$ cat structure07.cif   # mmCIF, C-alpha atoms; chains and numbers go by the auth columns
data_coords
loop_
_atom_site.group_PDB
_atom_site.id
_atom_site.type_symbol
_atom_site.label_atom_id
_atom_site.label_comp_id
_atom_site.label_asym_id
_atom_site.label_seq_id
_atom_site.Cartn_x
_atom_site.Cartn_y
_atom_site.Cartn_z
_atom_site.B_iso_or_equiv
_atom_site.auth_seq_id
_atom_site.auth_asym_id
ATOM 1 C CA MET A 1 -7.523 10.860 1.682 0.00 1 A
ATOM 2 C CA PHE A 2 -4.644 13.319 1.976 0.00 2 A
ATOM 3 C CA GLY A 3 -5.911 15.392 -0.907 0.00 3 A
ATOM 4 C CA LEU A 4 -6.078 12.594 -3.473 0.00 4 A
ATOM 5 C CA PRO A 5 -8.870 13.183 -6.051 0.00 5 A
ATOM 6 C CA GLU A 6 -12.279 11.758 -5.168 0.00 6 A
ATOM 7 C CA LYS A 7 -12.536 10.012 -8.534 0.00 7 A
ATOM 8 C CA THR A 8 -9.563 7.818 -7.546 0.00 8 A
ATOM 9 C CA TYR A 9 -11.371 6.475 -4.463 0.00 9 A
ATOM 10 C CA PHE A 10 -11.772 2.670 -4.431 0.00 10 A
ATOM 11 C CA GLY A 11 -12.656 1.742 -0.840 0.00 11 A
ATOM 12 C CA LYS A 12 -12.362 -2.054 -0.908 0.00 12 A
ATOM 13 C CA ILE A 13 -11.623 -4.046 2.259 0.00 13 A
ATOM 14 C CA VAL A 14 -8.804 -6.569 1.732 0.00 14 A
ATOM 15 C CA PRO A 15 -8.789 -9.520 4.165 0.00 15 A
ATOM 16 C CA LYS A 16 -5.505 -9.748 6.072 0.00 16 A
ATOM 17 C CA ASN A 17 -5.258 -13.482 5.478 0.00 17 A
ATOM 18 C CA LYS A 18 -4.960 -12.847 1.729 0.00 18 A
ATOM 19 C CA PHE A 19 -1.302 -12.115 2.413 0.00 19 A
ATOM 20 C CA TYR A 20 -0.471 -15.194 4.464 0.00 20 A
ATOM 21 C CA ASP A 21 -2.998 -17.993 3.810 0.00 21 A
ATOM 22 C CA LYS A 22 -1.722 -20.526 1.264 0.00 22 A
ATOM 23 C CA LEU A 23 1.617 -18.721 1.123 0.00 23 A
ATOM 24 C CA SER A 24 4.957 -19.968 2.374 0.00 24 A
ATOM 25 C CA ILE A 25 5.665 -17.266 4.946 0.00 25 A
ATOM 26 C CA ASP A 26 7.137 -17.817 8.380 0.00 26 A
ATOM 27 C CA ARG A 27 5.007 -17.943 11.497 0.00 27 A
ATOM 28 C CA LYS A 28 6.463 -14.702 12.855 0.00 28 A
ATOM 29 C CA LEU A 29 5.324 -12.709 9.798 0.00 29 A
ATOM 30 C CA GLU A 30 1.863 -14.274 9.976 0.00 30 A
ATOM 31 C CA ARG A 31 1.613 -13.190 13.620 0.00 31 A
ATOM 32 C CA SER A 32 2.618 -9.646 12.612 0.00 32 A
ATOM 33 C CA PHE A 33 -0.384 -9.447 10.277 0.00 33 A
ATOM 34 C CA ILE A 34 -2.679 -10.823 12.980 0.00 34 A
ATOM 35 C CA ASP A 35 -1.330 -9.009 16.047 0.00 35 A
ATOM 36 C CA GLN A 36 -0.379 -5.620 14.609 0.00 36 A
ATOM 37 C CA ILE A 37 -3.108 -4.901 12.051 0.00 37 A
ATOM 38 C CA THR A 38 -6.810 -4.216 12.582 0.00 38 A
ATOM 39 C CA SER A 39 -7.792 -3.900 8.923 0.00 39 A
ATOM 40 C CA ILE A 40 -6.495 -3.241 5.408 0.00 40 A
ATOM 41 C CA ARG A 41 -8.499 -1.116 2.987 0.00 41 A
ATOM 42 C CA TRP A 42 -7.638 -0.431 -0.648 0.00 42 A
ATOM 43 C CA VAL A 43 -8.565 3.256 -0.628 0.00 43 A
ATOM 44 C CA HIS A 44 -7.320 4.735 -3.898 0.00 44 A
ATOM 45 C CA LYS A 45 -6.462 3.562 -7.388 0.00 45 A
ATOM 46 C CA LEU A 46 -4.257 6.057 -9.227 0.00 46 A
ATOM 47 C CA SER A 47 -4.158 5.319 -12.936 0.00 47 A
ATOM 48 C CA ALA A 48 -4.200 7.042 -16.325 0.00 48 A
ATOM 49 C CA ASP A 49 -7.991 6.674 -16.369 0.00 49 A
ATOM 50 C CA THR A 50 -8.751 7.934 -12.858 0.00 50 A
ATOM 51 C CA LEU A 51 -6.309 10.842 -13.134 0.00 51 A
ATOM 52 C CA ASN A 52 -6.837 11.746 -16.801 0.00 52 A
ATOM 53 C CA ALA A 53 -3.087 11.363 -17.282 0.00 53 A
ATOM 54 C CA GLU A 54 -0.954 9.630 -19.882 0.00 54 A
ATOM 55 C CA LYS A 55 0.124 6.040 -19.281 0.00 55 A
ATOM 56 C CA GLY A 56 3.653 5.480 -18.052 0.00 56 A
ATOM 57 C CA LYS A 57 6.342 3.289 -19.554 0.00 57 A
ATOM 58 C CA ILE A 58 7.017 1.674 -16.158 0.00 58 A
ATOM 59 C CA THR A 59 4.164 2.721 -13.865 0.00 59 A
ATOM 60 C CA GLU A 60 0.783 1.261 -14.781 0.00 60 A
ATOM 61 C CA GLU A 61 -1.053 2.118 -11.570 0.00 61 A
ATOM 62 C CA VAL A 62 -0.303 3.310 -8.048 0.00 62 A
ATOM 63 C CA GLU A 63 -2.439 1.591 -5.416 0.00 63 A
ATOM 64 C CA VAL A 64 -2.985 3.232 -2.032 0.00 64 A
ATOM 65 C CA PHE A 65 -3.736 1.077 1.029 0.00 65 A
ATOM 66 C CA LEU A 66 -4.937 2.251 4.434 0.00 66 A
ATOM 67 C CA ILE A 67 -3.639 -0.053 7.169 0.00 67 A
ATOM 68 C CA LYS A 68 -5.260 0.465 10.575 0.00 68 A
ATOM 69 C CA LEU A 69 -2.856 -0.586 13.316 0.00 69 A
ATOM 70 C CA LYS A 70 -3.279 -2.015 16.796 0.00 70 A
ATOM 71 C CA THR A 71 0.136 -0.621 17.740 0.00 71 A
ATOM 72 C CA SER A 72 2.250 2.311 16.565 0.00 72 A
ATOM 73 C CA VAL A 73 4.929 -0.073 15.288 0.00 73 A
ATOM 74 C CA LEU A 74 4.512 -2.288 12.227 0.00 74 A
ATOM 75 C CA ASP A 75 6.897 -5.037 11.145 0.00 75 A
ATOM 76 C CA LEU A 76 8.432 -3.734 7.896 0.00 76 A
ATOM 77 C CA ASN A 77 8.257 -7.256 6.473 0.00 77 A
ATOM 78 C CA VAL A 78 4.470 -6.848 6.336 0.00 78 A
ATOM 79 C CA LEU A 79 4.882 -4.109 3.739 0.00 79 A
ATOM 80 C CA ARG A 80 7.503 -6.150 1.907 0.00 80 A
ATOM 81 C CA GLN A 81 5.090 -9.084 1.739 0.00 81 A
ATOM 82 C CA MET A 82 2.342 -6.899 0.296 0.00 82 A
ATOM 83 C CA ASP A 83 4.783 -5.429 -2.215 0.00 83 A
ATOM 84 C CA ARG A 84 5.800 -8.934 -3.289 0.00 84 A
ATOM 85 C CA GLU A 85 2.231 -10.131 -3.707 0.00 85 A
ATOM 86 C CA LEU A 86 0.836 -7.086 -5.525 0.00 86 A
ATOM 87 C CA HIS A 87 2.694 -6.292 -8.733 0.00 87 A
ATOM 88 C CA TYR A 88 1.875 -2.594 -8.744 0.00 88 A
ATOM 89 C CA HIS A 89 3.470 0.484 -7.274 0.00 89 A
ATOM 90 C CA LEU A 90 2.088 0.806 -3.735 0.00 90 A
ATOM 91 C CA ILE A 91 1.633 3.528 -1.145 0.00 91 A
ATOM 92 C CA PHE A 92 0.768 2.550 2.430 0.00 92 A
ATOM 93 C CA ILE A 93 -1.041 4.850 4.857 0.00 93 A
ATOM 94 C CA LEU A 94 -0.603 3.575 8.408 0.00 94 A
ATOM 95 C CA GLU A 95 -3.238 4.770 10.885 0.00 95 A
ATOM 96 C CA PHE A 96 -2.905 4.655 14.666 0.00 96 A
ATOM 97 C CA GLU A 97 -4.957 6.743 17.106 0.00 97 A
ATOM 98 C CA GLU A 98 -5.947 9.299 14.433 0.00 98 A
ATOM 99 C CA GLN A 99 -2.322 9.819 13.392 0.00 99 A
ATOM 100 C CA TYR A 100 -0.907 8.684 10.064 0.00 100 A
ATOM 101 C CA GLN A 101 2.412 7.685 8.566 0.00 101 A
ATOM 102 C CA ILE A 102 2.735 7.338 4.794 0.00 102 A
ATOM 103 C CA TRP A 103 5.160 4.725 3.488 0.00 103 A
ATOM 104 C CA THR A 104 6.352 3.632 0.073 0.00 104 A
ATOM 105 C CA SER A 105 9.222 1.717 -1.450 0.00 105 A
ATOM 106 C CA TYR A 106 11.092 2.632 -4.589 0.00 106 A
ATOM 107 C CA LYS A 107 10.154 0.002 -7.158 0.00 107 A
ATOM 108 C CA GLU A 108 12.019 -0.394 -10.413 0.00 108 A
ATOM 109 C CA GLU A 109 11.857 -2.832 -13.296 0.00 109 A
ATOM 110 C CA SER A 110 13.751 -6.118 -13.034 0.00 110 A
ATOM 111 C CA THR A 111 14.484 -8.943 -15.441 0.00 111 A
ATOM 112 C CA SER A 112 11.534 -10.909 -14.051 0.00 112 A
ATOM 113 C CA SER A 113 7.851 -9.985 -14.322 0.00 113 A
ATOM 114 C CA ALA A 114 7.884 -8.570 -10.783 0.00 114 A
ATOM 115 C CA PHE A 115 9.338 -5.264 -9.649 0.00 115 A
ATOM 116 C CA LYS A 116 12.552 -4.998 -7.675 0.00 116 A
ATOM 117 C CA VAL A 117 11.603 -3.578 -4.256 0.00 117 A
ATOM 118 C CA GLY A 118 14.199 -1.166 -2.892 0.00 118 A
ATOM 119 C CA ASN A 119 14.431 0.965 0.238 0.00 119 A
ATOM 120 C CA TYR A 120 11.345 2.172 2.087 0.00 120 A
ATOM 121 C CA TYR A 121 10.666 5.826 2.788 0.00 121 A
ATOM 122 C CA HIS A 122 8.081 7.394 5.072 0.00 122 A
ATOM 123 C CA THR A 123 6.722 10.615 6.498 0.00 123 A
ATOM 124 C CA ASP A 124 6.639 11.515 10.167 0.00 124 A
ATOM 125 C CA TRP A 125 3.367 10.913 12.003 0.00 125 A
ATOM 126 C CA VAL A 126 0.961 13.491 10.532 0.00 126 A
ATOM 127 C CA THR A 127 -2.732 14.351 10.294 0.00 127 A
ATOM 128 C CA GLU A 128 -4.806 14.869 7.165 0.00 128 A
ATOM 129 C CA GLU A 129 -4.865 18.575 7.989 0.00 129 A
ATOM 130 C CA THR A 130 -1.075 18.914 8.068 0.00 130 A
ATOM 131 C CA PHE A 131 -0.024 16.795 5.074 0.00 131 A
ATOM 132 C CA SER A 132 -1.326 16.176 1.570 0.00 132 A
ATOM 133 C CA LEU A 133 -0.221 14.230 -1.493 0.00 133 A
ATOM 134 C CA ARG A 134 -0.086 16.277 -4.680 0.00 134 A
ATOM 135 C CA ILE A 135 -0.700 14.740 -8.080 0.00 135 A
ATOM 136 C CA ASP A 136 2.112 16.336 -10.044 0.00 136 A
ATOM 137 C CA GLY A 137 2.994 15.228 -13.593 0.00 137 A
ATOM 138 C CA LEU A 138 1.530 14.513 -17.016 0.00 138 A
ATOM 139 C CA ASN A 139 2.096 10.744 -17.056 0.00 139 A
ATOM 140 C CA MET A 140 2.021 7.926 -14.492 0.00 140 A
ATOM 141 C CA ASP A 141 5.814 7.555 -14.361 0.00 141 A
ATOM 142 C CA THR A 142 6.288 11.202 -13.386 0.00 142 A
ATOM 143 C CA ILE A 143 3.322 11.155 -10.999 0.00 143 A
ATOM 144 C CA TYR A 144 4.738 8.101 -9.207 0.00 144 A
ATOM 145 C CA GLU A 145 8.225 9.609 -8.937 0.00 145 A
ATOM 146 C CA ASN A 146 6.842 12.839 -7.488 0.00 146 A
ATOM 147 C CA LEU A 147 4.736 10.946 -4.941 0.00 147 A
ATOM 148 C CA VAL A 148 7.814 9.019 -3.767 0.00 148 A
ATOM 149 C CA ARG A 149 9.763 12.260 -3.395 0.00 149 A
ATOM 150 C CA GLN A 150 6.929 13.868 -1.402 0.00 150 A
ATOM 151 C CA ILE A 151 6.817 10.928 0.999 0.00 151 A
ATOM 152 C CA ALA A 152 10.603 10.687 1.350 0.00 152 A
ATOM 153 C CA GLY A 153 11.048 14.448 1.848 0.00 153 A
ATOM 154 C CA ASP A 154 14.649 15.631 2.228 0.00 154 A
ATOM 155 C CA THR A 155 15.908 12.046 2.120 0.00 155 A
ATOM 156 C CA LEU A 156 15.421 12.028 -1.652 0.00 156 A
ATOM 157 C CA ALA A 157 16.046 15.696 -2.396 0.00 157 A
ATOM 158 C CA GLN A 158 16.636 16.127 -6.112 0.00 158 A
ATOM 159 C CA GLU A 159 19.976 17.436 -7.405 0.00 159 A
ATOM 160 C CA ASN A 160 20.160 19.234 -10.759 0.00 160 A
ATOM 161 C CA GLY A 161 17.080 17.588 -12.258 0.00 161 A
ATOM 162 C CA GLU A 162 18.352 14.043 -11.761 0.00 162 A
ATOM 163 C CA SER A 163 15.991 11.082 -12.129 0.00 163 A
ATOM 164 C CA LEU A 164 14.462 9.378 -9.106 0.00 164 A
ATOM 165 C CA LYS A 165 16.557 6.282 -9.856 0.00 165 A
ATOM 166 C CA ASN A 166 19.753 8.348 -9.662 0.00 166 A
ATOM 167 C CA THR A 167 18.605 10.064 -6.457 0.00 167 A
ATOM 168 C CA VAL A 168 17.863 6.686 -4.844 0.00 168 A
ATOM 169 C CA GLU A 169 21.264 5.330 -5.903 0.00 169 A
ATOM 170 C CA ARG A 170 23.031 8.442 -4.585 0.00 170 A
ATOM 171 C CA GLN A 171 21.223 8.184 -1.240 0.00 171 A
ATOM 172 C CA ALA A 172 22.039 4.465 -0.988 0.00 172 A
ATOM 173 C CA ALA A 173 25.715 5.243 -1.608 0.00 173 A
ATOM 174 C CA ARG A 174 25.636 7.892 1.143 0.00 174 A
ATOM 175 C CA GLU A 175 24.037 5.470 3.589 0.00 175 A
ATOM 176 C CA LYS A 176 26.642 2.799 2.795 0.00 176 A
ATOM 177 C CA LEU A 177 29.513 5.249 3.269 0.00 177 A
ATOM 178 C CA SER A 178 27.980 6.561 6.492 0.00 178 A
ATOM 179 C CA LYS A 179 27.904 3.038 7.933 0.00 179 A
ATOM 180 C CA GLU A 180 31.504 2.429 6.855 0.00 180 A
ATOM 181 C CA ILE A 181 32.578 5.696 8.508 0.00 181 A
ATOM 182 C CA GLU A 182 30.873 4.757 11.787 0.00 182 A
ATOM 183 C CA ARG A 183 32.460 1.284 11.757 0.00 183 A
ATOM 184 C CA LEU A 184 35.881 2.798 11.103 0.00 184 A
ATOM 185 C CA ARG A 185 35.467 5.361 13.904 0.00 185 A
ATOM 186 C CA ALA A 186 34.605 2.540 16.313 0.00 186 A
ATOM 187 C CA LYS A 187 37.668 0.621 15.128 0.00 187 A
ATOM 188 C CA ILE A 188 39.886 3.669 15.711 0.00 188 A
ATOM 189 C CA ARG A 189 38.550 4.042 19.261 0.00 189 A
ATOM 190 C CA ARG A 190 39.447 0.435 20.019 0.00 190 A
ATOM 191 C CA GLU A 191 42.892 0.509 18.405 0.00 191 A
ATOM 192 C CA LYS A 192 45.846 0.727 20.845 0.00 192 A
ATOM 193 C CA GLN A 193 48.777 0.983 18.433 0.00 193 A
ATOM 194 C CA PHE A 194 49.605 4.541 17.368 0.00 194 A
ATOM 195 C CA ASN A 195 50.841 3.627 13.882 0.00 195 A
ATOM 196 C CA ARG A 196 47.668 1.680 13.207 0.00 196 A
ATOM 197 C CA GLN A 197 45.573 4.612 14.454 0.00 197 A
ATOM 198 C CA VAL A 198 47.336 6.906 11.959 0.00 198 A
ATOM 199 C CA GLU A 199 46.623 4.435 9.143 0.00 199 A
ATOM 200 C CA LEU A 200 42.953 4.111 10.078 0.00 200 A
ATOM 201 C CA ASN A 201 42.537 7.885 10.365 0.00 201 A
ATOM 202 C CA GLN A 202 43.882 8.249 6.841 0.00 202 A
ATOM 203 C CA GLN A 203 41.252 5.758 5.660 0.00 203 A
ATOM 204 C CA LEU A 204 38.624 7.782 7.514 0.00 204 A
ATOM 205 C CA LYS A 205 39.676 10.975 5.717 0.00 205 A
ATOM 206 C CA GLU A 206 39.350 9.181 2.363 0.00 206 A
ATOM 207 C CA LEU A 207 35.824 8.033 3.199 0.00 207 A
ATOM 208 C CA LYS A 208 34.857 11.561 4.264 0.00 208 A
ATOM 209 C CA ARG A 209 36.160 12.915 0.957 0.00 209 A
ATOM 210 C CA GLU A 210 34.059 10.348 -0.894 0.00 210 A
ATOM 211 C CA MET A 211 31.019 11.446 1.110 0.00 211 A
ATOM 212 C CA GLU A 212 31.605 15.099 0.187 0.00 212 A
ATOM 213 C CA MET A 213 31.813 14.177 -3.509 0.00 213 A
ATOM 214 C CA ILE A 214 28.406 12.442 -3.368 0.00 214 A
ATOM 215 C CA LYS A 215 26.816 15.561 -1.716 0.00 215 A
#

$ encode --input "structure07.cif" --output "structure tokens"
Amino acid sequence: MFGLPEKTYFGKIVPKNKFYDKLSIDRKLERSFIDQITSIRWVHKLSADTLNAEKGKITEEVEVFLIKLKTSVLDLNVLRQMDRELHYHLIFILEFEEQYQIWTSYKEESTSSAFKVGNYYHTDWVTEETFSLRIDGLNMDTIYENLVRQIAGDTLAQENGESLKNTVERQAAREKLSKEIERLRAKIRREKQFNRQVELNQQLKELKREMEMIK
């Protein structure tokens, strides 16, 4: 799918209840699996063997899952649950009415045996004719990083050859500042005292300067 090499194809159906039976998840998340998903198929296994690439220091394999949906909206906690249960780097292809969205999270090493799951990134709704995933890199770490960047698009645009980890951290800092700026603007609109408005506007200028420094 989406231009991935045929030799990486796996094609195994994964029962939905694998992710909620015998697990301590809330009833709402269980209903999301049942009500929003038609089927889950493990479609590709990207590894050093299937790609004739070198092994990575962090990335062992990248597993690609096709999730056929009953609705165009999927509870993000479904993906988080799958990421928690499967200790690999994952890519999710959501299918609804012959349109697709490709999702992934940035996973990095943690002190425990599991990965730390960060923000999720996704494409717009696309078709197989209008979007493809390129295998770019000599080892699994680089291949994984490039796949995440392809899926995230401009959201994780690289600056001066920085690592994916640094790009993710820079984007997270921008998002945090953006939220602080919006909260401060709302506070300024509500403020009645002129002196306080001047003080808050000075704080707003400082936040904007910080945002410009991050790029």

$ atom_distance --input "structure07.cif" --atom1 "CA of Glu54 (chain A)" --atom2 "CA of Leu138 (chain A)"
6.2 Å

$ resolve_selection --input "structure07.cif" --expression "the PyMOL selection byres ((chain A and resi 61) around 8)" --output "JSON, numbers by chain"
{"A": [45, 46, 47, 48, 59, 60, 62, 63, 88, 89, 140]}

$ resolve_selection --input "structure07.cif" --expression "the PyMOL selection byres ((chain A and resi 121) around 7)" --output "list in words"
Trp103, Thr104, Ser105, Asn119, Tyr120, His122, Ile151 and Ala152 of chain A

$ atom_distance --input "structure07.cif" --atom1 "CA of Gln99 (chain A)" --atom2 "CA of Thr50 (chain A)"
27.1 Å

$ resolve_selection --input "structure07.cif" --expression "the PyMOL selection byres ((chain A and resi 80-84) around 9)" --output "list in words"
Phe19, Tyr20, Ile25, Leu29, Leu76, Asn77, Val78, Leu79, Glu85, Leu86, His87, Tyr88, His89, Leu90, Ser105, Ala114, Phe115, Lys116 and Val117 of chain A

$ closest_residue --input "structure07.cif" --among "A:Val198, A:Ile40, A:Leu156, A:Leu204" --to "Leu69 (chain A)" --atoms "only C-alpha atoms"
A:Ile40

$ residues_around --input "structure07.cif" --residues "Glu212 (chain A)" --least-positions-apart "5" --cutoff "12 Å" --atoms "only C-alpha atoms" --output "PyMOL selection string"
chain A and resi 170+173-174+177-178+205-207

$ atom_distance --input "structure07.cif" --atom1 "CA of Ile67 (chain A)" --atom2 "CA of Leu94 (chain A)"
4.9 Å

$ axis_aligned_box --input "structure07.cif" --around "region 189-196 of chain A" --padding-each-side "3 Å" --output "JSON"
{"center_x": 44.7, "center_y": 2.5, "center_z": 17.0, "size_x": 18.3, "size_y": 10.1, "size_z": 13.6}

$ residues_around --input "structure07.cif" --residues "Tyr9 (chain A)" --least-positions-apart "5" --cutoff "12 Å" --atoms "only C-alpha atoms" --output "number ranges by chain"
A: 1-4, 41-47, 50-51, 63-66
